[in-house]
Amino acid sequence: MNPKLESQPFGITAKGDEITLFSLSIENKIKVSVMNYGATWTHLLLPDRNGKMEDTVLGFDDLEGYLQKDYQDNYCYIGSTVGRVAGRLSGNQFTIDDKTYHLPPNQAETHLHGGIEGWDKKIWEAAPFETDNSVGITFYYKSPDGEENYPGTVEIWVTYTLDITGKLEISYRAITDKKTIINPTNHTYFNLSGDFHQSIEDHEFFVDTDHYLPINENSLPTGEVAHVAGTPFDFRTPKPISEQINKKDEQLKLAGGIDHCFALKESEICATLYHPGTGRKLTLSTTSPGLQVYTSNYLNKSFIGKSGVRYDKRAAICLETQHYPDAANQPKFSSTLLLPGEVFKSTTVFAFSVEK
């Protein structure tokens, strides 16, 4: 069955901008919804082993949910495209050619996920498309020179594509007119149970890696690339998240759970997430060198999500494919520098299945 593309109004911002929700679907198999506010992934409906379709990502029933004060006060980037740079930058700064750029803090004293008004809060141009075996949306945003004090005018394209097999691809392409840094990602929160009252601790998780990045008290990488053996970050064989996340460990204590980057191998499948109760399984592949895994440690029931659910700690897990955090200040990490004439490219594919 060929995938289908639909669109509908999703609300109006305080400035009067009309937001559109686009849906990419294959009947009884998958339905993905994305909107042009923040190039945000809002819904993911998947069948369980009995064929019951349920939403499996956190979000809100309407645009007002994404704009509500409680959510803005405790902002969690639910489903958003994050940029220019995902994660934190040490000292809220970076240096290019002996010039240091100082970035505004937006989470206490920290510059996080692109700043005060990052790409997650922008209205993107949307271009729907259909091919013989896929449907999708390309979102486009032009980030001006000096936005959030980043140098260079950056043009960024984020494309969501659903193919005939039910795979969802998110691809990124960016260019700049000045030397700058870039490290975008998608910040969707998954709970494959379809019940957002439940913790994701019963999900079985696998990451194809031998190494992870330890963090300091500011949730920044220390620069060490440590072996996962003997740590709670060893998911080299699939195991329940609860088996690892509740261990006594200084790194878990610092983050309140998992909020760490895994150094990926160059393998076809980099991670899987499986919910035994429903049979739903997510299989992840990416061209990115890192996978930031976040177990929604800072959710605290402060805002109302879909169907009136107040999202709690560990209600979901984020699988953020990206370069290593703080790479601009860590010479041992692969560079996030983008030069004029170069093209930044990154692709991540989500495949979904049901195990009986």
# chains A, B, ... in the order shown; residues from 1 in each chain; ligands from 1
$ residues_around --residues "stretch 182-184 of chain A" --least-positions-apart "3" --cutoff "8 Å" --atoms "only C-alpha atoms" --output "MDAnalysis selection string"
chainID A and resid 81:86 172 322:323 336:338
$ closest_atom_pairs --of "stretch 196-224 of chain A" --to "stretch 109-115 of chain A" --cutoff "12 Å" --atoms "only C-alpha atoms" --output "Markdown table"
| residue | atom | partner | partner_atom | distance |
| --- | --- | --- | --- | --- |
| A:Asn218 | CA | A:Thr110 | CA | 8.6 |
| A:Ser219 | CA | A:Thr110 | CA | 10.1 |
| A:Leu220 | CA | A:Thr110 | CA | 10.4 |
$ atom_distance --atom1 "atom CA of A:Gln68" --atom2 "atom CA of A:Thr295"
22.8 Å
$ atom_distance --atom1 "atom CA of A:Thr222" --atom2 "atom CA of A:Ser335"
16.3 Å
$ atom_distance --atom1 "atom CA of A:Gln251" --atom2 "atom CA of A:Tyr189"
21.5 Å
$ select_by_dssp --residues "stretch 127-306 of chain A" --states "strand (DSSP E)" --output "ChimeraX atom specification"
/A:127-130,134-143,154-163,168-176,180-181,185-186,189-190,204-207,211-213,226-227,239-240,259-263,271-274,280-286,290-294
